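Read the structure below first, then the notes.
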Amino acid sequence: MLLTRIPAIPGRLSFHAQLALSGRKSLRCFASEANTQRVRMNNLEQNSFINYERLKQNLDIVKKRLNRPLTYSEKILYSHLDDPKNQDIERGVSYLRLRPDRVACQDATAQMAILQFMSAGMPEVAVPTTVHCDHLIEAFSGGKKDLARAETTNKEVYDFLSSACAKYNIGFWRPGSGIIHQIILENYAFPYSLLIGTDSHTPNAGGLGQVAIGVGGADAVDVMADLPWELKCPKTIGVKLTGKLNGWTAPKDVILKVAGILTVKGGTGAIVEYFGPGVESLSCTGMATICNMGAEIGATTSIFPFNKRMSQYLRATNRGPIATLAEQYGSVFAADGDAHYDEVVEINLDELEPHLNGPFTPDLATPVSKFKDAVKKNDWPAELKVGLIGSCTNSSYEDMTRAASICQQALDKGIKAKSIFTITPGSEQVRATLARDGQLETMSKAGGIVLANACGPCIGQWKRTDVKKGEKNSIVTSYNRNFTGRNDANPATHAFVTSPDIVTAMVFAGDMRFNPLTDTLKDANGNDFKFEPPSGEGLPSKGYDAGANTYVKPDPASAKDVVIDPQSNRLQRLKPFSRWDGKDATGMRILIKAKGKCTTDHISAAGPWLKYRGHLQNISNNYMIGAINSENGEANKLKNLETGDYASVPEVALYYRDHGIRWVTIGEENLGEGSSREHAALEPRYLGGTAIITKSFARIHETNLKKQGLLPLTFADPSAYDKINYNDKVDILGLTDFAPGKPLTLKVHPADGSAAWTTTLNHTFNQDQIEWFKAGSALNHMADVRKN
């Protein structure tokens, strides 16, 4: 396979710019006045219109200023600038102030986002916004029963979200609707637009030519409250695709290969833009799969250029006028012929083979031809316990029809799945269409269990009973993440990420060493047979069946007040964080010096903790419980350096806070990798933390920490991490002169009584972000601005 990394070329380096910060017209009104063609953004919101002409005007201003060729993603991003005439634009340096077209929230993160929005005192959201109930449904016995149980168990939260949506003019998608990213793709995503969503896999919409970026809830609140949204100007990584997918190779294998090349932090601070002749061989939903899992390489987002496959999908989902309008503006937003990228990776699809990535990290990539040997060499459990297909990454009609074709082959040979086999449709529309066309029945007959249209096991919502916690076992999934304990809270589960095709074939073998491209199975008569490559339809030939109506249109005029029970253990009103005291931070304890990989799953676990996402006090009881303590190599076992006793991380943090002792957390590389969950930033702030000091940060987590008034800082000299001991005390100096580009100083007071020493701490704060810190949080600063 041709695979090259081309040396970096010096890079070049946005619609709402005329609206003033206060008293501006809403996006919907502005668009309807300025847009002459009157094409609605979607079929559900009557007064939201596309305004490509305004985007073009902004882009023309930027092009004249920069006088350089632009990539596709740059054109979209810069056309959404709040002030295209004066905005500084330099890749990797400037902070862009942008005006997104819409906001999307999933139910777990929406709770905190709405609680923060309520604190802003706005009568309704300023841009189109939706909430999607997909994260809180636990997978156990099957779709209907699991959904019914979730509606009872989570009634308080669903009632809160639905009432808040009605009051603040937010579209509400009920439980059972499907996974947020599939709903967005089917209804709201459109080319050349800008979406932010409170979930790290929001880039899924890049499969429809949209710049879609995962953010924390506080970022979403900025946009909902009519403030510009801030993003460091991304670098651009180009992935050139040549050739054509064939046989067992699926779109998922493109991103699995890219993850192996760039690693989990290789895309940090960059947009990954796909281009080249190979793009034409991918379906729209296949491109969405690739963009979705771009979150696993730390990319700001991933995107494909608008093309005919996107037009086909738009028309298949009853959005023909959008396709026609986008086609008219194709030349405006197409990448300039001589546009340059900071880095280019080239992949020949003709030679790409299926991959399995893992365990425990999504960038450990192994081609299927070498996987059998890897299982043996690494002593991975060879028995396949469970195969799971679906999730926001791979639950399209095309994915499911290809899986069903494999199941039909197995049924024709008289065999059923040897492993547990679960199927998660991505949306009610996909489920209903698969039911109508017979694929769900085929997969069920082959031994599959159809789960609810929700996230389920992908985000830890899995009531697994086939193995005990701590029992070493293997599973394969078509999901996107496979961190330790991610799917089932069992740290001994070896989870591997692959395509739905490979998952489905492997469940009939029940063996991790089975290669469906070369190996045979026994049919019901004991004869050898080999699976033929899967086949499927990119779009249903009979059109989509919409299924049950699960959308609730907001009605602010008749909405009632949002009520939160003060005694609730799932919802809690927020109180403002304290402001900076105007002094350097001295005499601080190190709460924990974390060792190795520390994702947002380690910092703020999901699974059973999801039910507390609207209650900051209760959710804070999971802070850093999955992180490995460098002192003893254990998780959630810390020494309280004031009492000498060992306790959980949250217990020690609370002790320090309640006794007036400030503290910091110290970590290694890419801290906060993974989900967008801002709880990983809210919790340390609530528990009395001052700073998080690491070798490097994942993008969303770093921004979330800033939003909550914490100091995300990095060692200028990474070796300083090794010199610091868990029981030292530290000072952060230079805060009284805190300024953009000016490093701070960490002064370390060793516990053994030896001389204090200092090391430099870098930061990425701009002046506005420094004001967040001084005010105590971005929300506090927002309140200050509105008062003035």
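Residues are referred to by chain and number: the chain letter is A, B, ... according to the order shown in the structure tokens, the number counts from 1 in that chain, and ligands are numbered separately from 1 in the order shown.
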key: Residues flagged strand (DSSP E or B) by DSSP in stretch 704-764 of chain A, as a ChimeraX atom specification   = /A:711-715,729-733,744-749,757-762
Write out as a PDB file with C-alpha atoms, in the first residue's frame each polymer residue whose atoms come within 8 Å of A:Thr401, counting only C-alpha atoms; drop sequence neighbours fewer than 3 positions from it.
ATOM      1  CA  TYR A 397     -28.242   1.827   6.716  1.00  0.00           C
ATOM      2  CA  GLU A 398     -25.186   0.898   4.664  1.00  0.00           C
ATOM      3  CA  ALA A 404     -26.928  -8.382   7.389  1.00  0.00           C
ATOM      4  CA  SER A 405     -25.460  -9.784   4.170  1.00  0.00           C
ATOM      5  CA  LEU A 434     -34.050  -1.904   8.460  1.00  0.00           C
ATOM      6  CA  GLN A 439     -32.287  -6.793   7.725  1.00  0.00           C
ATOM      7  CA  SER A 535     -22.541  -6.236   0.154  1.00  0.00           C
ATOM      8  CA  GLY A 536     -24.905  -3.429   1.050  1.00  0.00           C
ATOM      9  CA  GLU A 537     -26.754  -0.331  -0.102  1.00  0.00           C
TER      10      GLU A 537
END
inquiry  = as a ChimeraX atom specification, please: the residues near A:Pro540 (cut-off 12 Å, only C-alpha atoms, same-chain neighbours under 4 positions excluded).
reply    = /A:312-313,316-317,396-401,429-430,432-439,536,544-545
Mind checking which residues fall within 8 Å of A:Asn727, counting only C-alpha atoms, ignoring those fewer than 3 positions away in the same chain, and posting them as an mmCIF file with N, CA and C atoms, in the first residue's frame?
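This is the output file result15.cif:
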data_model
loop_
_atom_site.group_PDB
_atom_site.id
_atom_site.type_symbol
_atom_site.label_atom_id
_atom_site.label_comp_id
_atom_site.auth_asym_id
_atom_site.auth_seq_id
_atom_site.Cartn_x
_atom_site.Cartn_y
_atom_site.Cartn_z
ATOM 1 N N ARG A 589 -0.841 21.893 47.813
ATOM 2 C CA ARG A 589 -0.591 20.466 47.805
ATOM 3 C C ARG A 589 -0.750 19.924 46.379
ATOM 4 N N ILE A 590 -0.108 18.812 46.131
ATOM 5 C CA ILE A 590 -0.340 18.058 44.906
ATOM 6 C C ILE A 590 -1.386 17.003 45.250
ATOM 7 N N LEU A 641 -2.072 14.115 52.726
ATOM 8 C CA LEU A 641 -0.789 14.559 53.257
ATOM 9 C C LEU A 641 -0.921 15.420 54.495
ATOM 10 N N PRO A 750 10.465 20.807 48.057
ATOM 11 C CA PRO A 750 10.547 19.366 48.286
ATOM 12 C C PRO A 750 10.182 18.966 49.722
ATOM 13 N N ALA A 751 9.500 17.859 49.847
ATOM 14 C CA ALA A 751 9.062 17.363 51.154
ATOM 15 C C ALA A 751 10.244 16.919 52.017
#
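Non-sequential neighbours of A:Ile661 (distance at most 10 Å, separation of 4 or more positions within a chain, only C-alpha atoms) are A:Thr586, A:Gly587, A:Met588, A:Arg589, A:Glu642, A:Ala653, A:Leu654, A:Tyr655, A:Tyr656, A:Arg657, A:Gly688, A:Gly689.
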Compile a residue-level contact table for stretch 347-416 of chain A against stretch 456-462 of chain A at a cut-off of 12 Å, reporting for every qualifying residue the shortest atom pair and its distance in Å to one decimal, with only C-alpha atoms counted, rows ordered by chain and ascending number, as JSON lines.
{"residue": "A:Val386", "atom": "CA", "partner": "A:Pro457", "partner_atom": "CA", "distance": 11.2}
{"residue": "A:Gly387", "atom": "CA", "partner": "A:Pro457", "partner_atom": "CA", "distance": 11.1}
{"residue": "A:Leu388", "atom": "CA", "partner": "A:Pro457", "partner_atom": "CA", "distance": 8.4}
{"residue": "A:Ile389", "atom": "CA", "partner": "A:Cys458", "partner_atom": "CA", "distance": 9.6}
{"residue": "A:Gly390", "atom": "CA", "partner": "A:Cys458", "partner_atom": "CA", "distance": 8.7}
{"residue": "A:Ser391", "atom": "CA", "partner": "A:Cys458", "partner_atom": "CA", "distance": 6.4}
{"residue": "A:Cys392", "atom": "CA", "partner": "A:Cys458", "partner_atom": "CA", "distance": 8.7}
{"residue": "A:Thr393", "atom": "CA", "partner": "A:Cys458", "partner_atom": "CA", "distance": 9.8}
{"residue": "A:Asn394", "atom": "CA", "partner": "A:Cys458", "partner_atom": "CA", "distance": 11.1}
{"residue": "A:Ser395", "atom": "CA", "partner": "A:Cys458", "partner_atom": "CA", "distance": 11.9}
Go ahead and save the picked residues with N, CA and C atoms, as a compact mmCIF listing (two decimals), in the first residue's frame.
# COMPACT_ATOMS: atom_id res chain seq x y z
N VAL A 386 -17.93 -11.17 22.97
CA VAL A 386 -19.04 -10.37 22.46
C VAL A 386 -18.58 -9.58 21.24
N GLY A 387 -19.45 -9.51 20.25
CA GLY A 387 -19.26 -8.62 19.11
C GLY A 387 -20.39 -7.61 19.10
N LEU A 388 -20.06 -6.33 18.97
CA LEU A 388 -21.06 -5.28 19.05
C LEU A 388 -20.95 -4.36 17.84
N ILE A 389 -22.05 -4.20 17.11
CA ILE A 389 -22.05 -3.28 15.98
C ILE A 389 -23.07 -2.17 16.24
N GLY A 390 -22.81 -1.02 15.61
CA GLY A 390 -23.65 0.15 15.81
C GLY A 390 -22.82 1.30 16.31
N SER A 391 -23.41 2.12 17.16
CA SER A 391 -22.82 3.33 17.72
C SER A 391 -22.93 4.48 16.74
N CYS A 392 -22.54 5.68 17.19
CA CYS A 392 -22.62 6.85 16.32
C CYS A 392 -21.67 6.74 15.15
N THR A 393 -20.69 5.85 15.24
CA THR A 393 -19.66 5.73 14.21
C THR A 393 -20.10 4.83 13.07
N ASN A 394 -20.78 3.76 13.38
CA ASN A 394 -21.10 2.75 12.37
C ASN A 394 -22.48 2.16 12.58
N SER A 395 -23.52 2.95 12.34
CA SER A 395 -24.87 2.42 12.50
C SER A 395 -25.78 2.92 11.39
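Across the structure, atom CA of A:Leu81 and atom CA of A:Pro128 are spaced 17.9 Å apart.
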inquiry  = Which residues are near A:Gly260? Cut-off 8 Å, only C-alpha atoms, ignore same chain within fewer than 5 positions. Put them as a list in words.
reply    = Asp363, Leu364 and Ala365 of chain A
Those same residues - C-alpha atoms - I'd like them written as a short mmCIF file (atom, residue, chain, number, x, y, z; two decimals), in the first residue's frame.
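Now in result25.cif:
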data_model
loop_
_atom_site.label_atom_id
_atom_site.label_comp_id
_atom_site.auth_asym_id
_atom_site.auth_seq_id
_atom_site.Cartn_x
_atom_site.Cartn_y
_atom_site.Cartn_z
CA ASP A 363 -4.39 4.03 17.76
CA LEU A 364 -2.79 0.58 18.15
CA ALA A 365 -3.54 -0.46 14.58
#
inquiry  = Using only C-alpha atoms, which protein or nucleic acid residues come within 6 Å of A:Glu678? Drop anything in the same chain fewer than 2 positions from it, and give the result as a VMD selection string.
reply    = chain A and resid 216 680 to 681 704
Would you please give, as a CSV table (one decimal) with N, CA, C and O atoms, in the first residue's frame, all residues of stretch 409-645 of chain A that DSSP assigns to helix (DSSP H, G or I) based on the backbone?
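In the end it all went to result13.csv:
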chain,number,residue,atom,x,y,z
A,409,GLN,N,-25.5,-15.1,4.8
A,409,GLN,CA,-24.6,-16.1,4.4
A,409,GLN,C,-24.5,-17.2,5.5
A,409,GLN,O,-24.6,-18.4,5.2
A,410,ALA,N,-24.4,-16.8,6.7
A,410,ALA,CA,-24.3,-17.7,7.8
A,410,ALA,C,-25.6,-18.6,8.0
A,410,ALA,O,-25.6,-19.8,8.1
A,411,LEU,N,-26.7,-17.9,7.8
A,411,LEU,CA,-28.0,-18.6,7.9
A,411,LEU,C,-28.2,-19.6,6.8
A,411,LEU,O,-28.7,-20.7,6.9
A,412,ASP,N,-27.7,-19.2,5.6
A,412,ASP,CA,-27.7,-20.1,4.4
A,412,ASP,C,-26.9,-21.4,4.7
A,412,ASP,O,-27.2,-22.4,4.1
A,428,GLU,N,-34.0,6.1,14.9
A,428,GLU,CA,-35.3,5.5,14.7
A,428,GLU,C,-35.5,5.4,13.2
A,428,GLU,O,-36.1,4.4,12.7
A,429,GLN,N,-35.1,6.3,12.4
A,429,GLN,CA,-35.2,6.2,10.9
A,429,GLN,C,-34.5,5.0,10.4
A,429,GLN,O,-35.0,4.3,9.5
A,430,VAL,N,-33.3,4.8,10.8
A,430,VAL,CA,-32.5,3.7,10.4
A,430,VAL,C,-33.1,2.4,10.8
A,430,VAL,O,-33.3,1.4,10.1
A,431,ARG,N,-33.6,2.3,12.1
A,431,ARG,CA,-34.2,1.1,12.7
A,431,ARG,C,-35.4,0.8,11.9
A,431,ARG,O,-35.7,-0.4,11.5
A,432,ALA,N,-36.3,1.8,11.7
A,432,ALA,CA,-37.6,1.5,10.9
A,432,ALA,C,-37.3,1.0,9.5
A,432,ALA,O,-38.0,0.1,9.0
A,433,THR,N,-36.3,1.6,8.9
A,433,THR,CA,-36.0,1.2,7.5
A,433,THR,C,-35.5,-0.2,7.4
A,433,THR,O,-35.8,-1.0,6.6
A,434,LEU,N,-34.6,-0.5,8.4
A,434,LEU,CA,-34.1,-1.9,8.5
A,434,LEU,C,-35.1,-2.9,8.8
A,434,LEU,O,-35.1,-4.0,8.3
A,435,ALA,N,-36.1,-2.5,9.6
A,435,ALA,CA,-37.2,-3.4,10.0
A,435,ALA,C,-38.1,-3.7,8.7
A,435,ALA,O,-38.5,-4.8,8.4
A,436,ARG,N,-38.4,-2.6,8.0
A,436,ARG,CA,-39.2,-2.7,6.8
A,436,ARG,C,-38.5,-3.6,5.7
A,436,ARG,O,-39.2,-4.4,5.1
A,437,ASP,N,-37.2,-3.4,5.6
A,437,ASP,CA,-36.5,-4.1,4.5
A,437,ASP,C,-36.0,-5.5,4.9
A,437,ASP,O,-35.4,-6.2,4.1
A,439,GLN,N,-33.6,-6.5,7.2
A,439,GLN,CA,-32.3,-6.8,7.7
A,439,GLN,C,-32.3,-7.1,9.2
A,439,GLN,O,-31.5,-7.9,9.7
A,440,LEU,N,-33.1,-6.4,10.0
A,440,LEU,CA,-33.2,-6.6,11.4
A,440,LEU,C,-33.6,-8.1,11.7
A,440,LEU,O,-33.1,-8.7,12.6
A,441,GLU,N,-34.6,-8.6,10.9
A,441,GLU,CA,-35.0,-9.9,11.1
A,441,GLU,C,-33.9,-10.9,10.8
A,441,GLU,O,-33.7,-11.9,11.5
A,442,THR,N,-33.2,-10.6,9.7
A,442,THR,CA,-32.0,-11.5,9.3
A,442,THR,C,-31.0,-11.6,10.4
A,442,THR,O,-30.5,-12.6,10.8
A,443,MET,N,-30.6,-10.4,11.0
A,443,MET,CA,-29.6,-10.4,12.0
A,443,MET,C,-30.1,-11.0,13.3
A,443,MET,O,-29.3,-11.7,14.0
A,444,SER,N,-31.4,-10.9,13.6
A,444,SER,CA,-31.9,-11.5,14.8
A,444,SER,C,-32.0,-13.0,14.7
A,444,SER,O,-31.6,-13.7,15.6
A,445,LYS,N,-32.3,-13.5,13.5
A,445,LYS,CA,-32.3,-15.0,13.3
A,445,LYS,C,-30.9,-15.6,13.4
A,445,LYS,O,-30.8,-16.7,13.8
A,456,GLY,N,-25.6,3.3,24.4
A,456,GLY,CA,-25.5,2.0,25.1
A,456,GLY,C,-24.1,1.6,25.4
A,456,GLY,O,-23.3,2.4,26.0
A,457,PRO,N,-23.6,0.4,25.1
A,457,PRO,CA,-22.3,-0.1,25.5
A,457,PRO,C,-21.1,0.8,25.0
A,457,PRO,O,-20.1,0.8,25.6
A,458,CYS,N,-21.3,1.6,24.0
A,458,CYS,CA,-20.2,2.4,23.5
A,458,CYS,C,-19.7,3.4,24.5
A,458,CYS,O,-18.5,3.7,24.6
A,459,ILE,N,-20.6,3.9,25.4
A,459,ILE,CA,-20.2,4.9,26.4
A,459,ILE,C,-20.4,4.3,27.8
A,459,ILE,O,-20.5,5.0,28.8
A,500,PRO,N,-18.0,-2.9,11.1
A,500,PRO,CA,-19.1,-3.8,11.4
A,500,PRO,C,-19.0,-5.1,10.6
A,500,PRO,O,-19.4,-6.2,11.1
A,501,ASP,N,-18.4,-5.1,9.5
A,501,ASP,CA,-18.2,-6.3,8.7
A,501,ASP,C,-17.3,-7.3,9.4
A,501,ASP,O,-17.7,-8.5,9.5
A,502,ILE,N,-16.2,-6.9,9.9
A,502,ILE,CA,-15.3,-7.8,10.6
A,502,ILE,C,-15.9,-8.3,11.9
A,502,ILE,O,-15.8,-9.4,12.2
A,503,VAL,N,-16.5,-7.4,12.6
A,503,VAL,CA,-17.2,-7.8,13.9
A,503,VAL,C,-18.2,-8.9,13.6
A,503,VAL,O,-18.2,-10.0,14.2
A,504,THR,N,-19.1,-8.7,12.6
A,504,THR,CA,-20.1,-9.6,12.3
A,504,THR,C,-19.6,-11.0,11.9
A,504,THR,O,-20.0,-12.0,12.3
A,505,ALA,N,-18.5,-11.0,11.0
A,505,ALA,CA,-17.9,-12.2,10.6
A,505,ALA,C,-17.3,-13.0,11.8
A,505,ALA,O,-17.5,-14.2,11.9
A,506,MET,N,-16.7,-12.3,12.7
A,506,MET,CA,-16.0,-12.9,13.8
A,506,MET,C,-16.9,-13.5,14.8
A,506,MET,O,-16.5,-14.5,15.4
A,507,VAL,N,-18.1,-13.0,14.9
A,507,VAL,CA,-19.0,-13.6,16.0
A,507,VAL,C,-19.4,-15.0,15.6
A,507,VAL,O,-19.8,-15.8,16.4
A,508,PHE,N,-19.4,-15.3,14.3
A,508,PHE,CA,-19.7,-16.7,13.9
A,508,PHE,C,-18.6,-17.7,14.1
A,508,PHE,O,-18.8,-18.9,14.1
A,509,ALA,N,-17.4,-17.2,14.2
A,509,ALA,CA,-16.2,-18.0,14.6
A,509,ALA,C,-16.1,-18.1,16.1
A,509,ALA,O,-15.6,-19.1,16.6
A,556,PRO,N,-42.3,28.1,23.4
A,556,PRO,CA,-42.0,29.0,24.5
A,556,PRO,C,-43.3,29.7,25.1
A,556,PRO,O,-43.3,30.0,26.2
A,557,ALA,N,-44.2,30.0,24.2
A,557,ALA,CA,-45.4,30.7,24.6
A,557,ALA,C,-46.2,30.0,25.7
A,557,ALA,O,-46.8,30.6,26.6
A,558,SER,N,-46.3,28.7,25.6
A,558,SER,CA,-47.1,27.9,26.6
A,558,SER,C,-46.2,27.2,27.6
A,558,SER,O,-46.7,26.4,28.4
A,600,THR,N,-10.5,11.5,29.6
A,600,THR,CA,-11.7,12.1,30.4
A,600,THR,C,-12.4,10.9,31.1
A,600,THR,O,-13.2,11.1,32.0
A,601,ASP,N,-12.3,9.7,30.6
A,601,ASP,CA,-12.9,8.5,31.3
A,601,ASP,C,-12.2,8.3,32.6
A,601,ASP,O,-12.8,7.9,33.6
A,602,HIS,N,-10.9,8.5,32.7
A,602,HIS,CA,-10.2,8.4,33.9
A,602,HIS,C,-10.5,9.6,34.9
A,602,HIS,O,-10.6,9.4,36.1
A,603,ILE,N,-10.7,10.8,34.3
A,603,ILE,CA,-10.9,12.0,35.1
A,603,ILE,C,-12.4,12.0,35.6
A,603,ILE,O,-12.6,12.4,36.8
A,607,GLY,N,-20.5,5.6,32.3
A,607,GLY,CA,-21.2,4.5,32.8
A,607,GLY,C,-22.2,4.8,33.9
A,607,GLY,O,-23.1,5.7,33.7
A,608,PRO,N,-22.1,4.2,35.1
A,608,PRO,CA,-23.1,4.5,36.2
A,608,PRO,C,-23.1,5.9,36.7
A,608,PRO,O,-24.1,6.4,37.3
A,609,TRP,N,-22.0,6.7,36.4
A,609,TRP,CA,-22.0,8.1,36.8
A,609,TRP,C,-22.7,9.0,35.9
A,609,TRP,O,-23.0,10.2,36.3
A,610,LEU,N,-23.2,8.5,34.8
A,610,LEU,CA,-23.9,9.4,33.9
A,610,LEU,C,-25.2,10.0,34.5
A,610,LEU,O,-25.6,11.1,34.2
A,611,LYS,N,-25.8,9.3,35.4
A,611,LYS,CA,-27.0,9.7,36.0
A,611,LYS,C,-26.8,11.0,36.9
A,611,LYS,O,-27.8,11.6,37.3
A,612,TYR,N,-25.6,11.3,37.2
A,612,TYR,CA,-25.3,12.5,38.1
A,612,TYR,C,-24.8,13.7,37.3
A,612,TYR,O,-24.3,14.7,37.8
A,616,LEU,N,-23.6,18.7,40.2
A,616,LEU,CA,-22.2,18.8,40.3
A,616,LEU,C,-21.6,18.2,41.6
A,616,LEU,O,-20.5,17.6,41.5
A,617,GLN,N,-22.3,18.4,42.7
A,617,GLN,CA,-21.8,17.8,43.9
A,617,GLN,C,-21.6,16.3,43.9
A,617,GLN,O,-20.6,15.8,44.3
A,618,ASN,N,-22.6,15.6,43.3
A,618,ASN,CA,-22.6,14.2,43.3
A,618,ASN,C,-21.6,13.6,42.2
A,618,ASN,O,-20.9,12.7,42.5
A,619,ILE,N,-21.6,14.3,41.0
A,619,ILE,CA,-20.7,13.8,40.0
A,619,ILE,C,-19.2,14.0,40.4
A,619,ILE,O,-18.4,13.3,40.0
A,620,SER,N,-19.0,15.0,41.3
A,620,SER,CA,-17.6,15.2,41.7
A,620,SER,C,-17.0,14.1,42.5
A,620,SER,O,-15.8,14.0,42.7
A,621,ASN,N,-17.9,13.2,42.9
A,621,ASN,CA,-17.4,12.0,43.7
A,621,ASN,C,-16.7,11.0,42.8
A,621,ASN,O,-16.2,10.0,43.3
A,622,ASN,N,-16.6,11.3,41.5
A,622,ASN,CA,-15.8,10.4,40.6
A,622,ASN,C,-14.6,11.0,40.1
A,622,ASN,O,-13.9,10.5,39.2
Go through stretch 447-497 of chain A and flag each residue having an atom no more than 12 Å from stretch 270-289 of chain A; for those, report the closest pair of atoms plus their distance in Å to one decimal, using only C-alpha atoms, ordered by chain and rising number, as a Markdown table.
| residue | atom | partner | partner_atom | distance |
| --- | --- | --- | --- | --- |
| A:Ser478 | CA | A:Thr289 | CA | 10.1 |
| A:Tyr479 | CA | A:Thr289 | CA | 9.9 |
| A:Asn480 | CA | A:Thr289 | CA | 9.3 |
Could you please take those selected residues and save N, CA, C and O atoms as a compact mmCIF listing (two decimals), in the first residue's frame?
# COMPACT_ATOMS: atom_id res chain seq x y z
N SER A 478 -17.71 -2.06 16.63
CA SER A 478 -17.58 -1.08 15.53
C SER A 478 -17.65 0.33 16.10
O SER A 478 -17.99 1.27 15.39
N TYR A 479 -17.30 0.47 17.39
CA TYR A 479 -17.37 1.75 18.07
C TYR A 479 -16.15 2.60 17.75
O TYR A 479 -15.45 2.35 16.77
N ASN A 480 -15.89 3.62 18.56
CA ASN A 480 -14.77 4.51 18.29
C ASN A 480 -13.71 4.51 19.38
O ASN A 480 -12.57 4.83 19.13
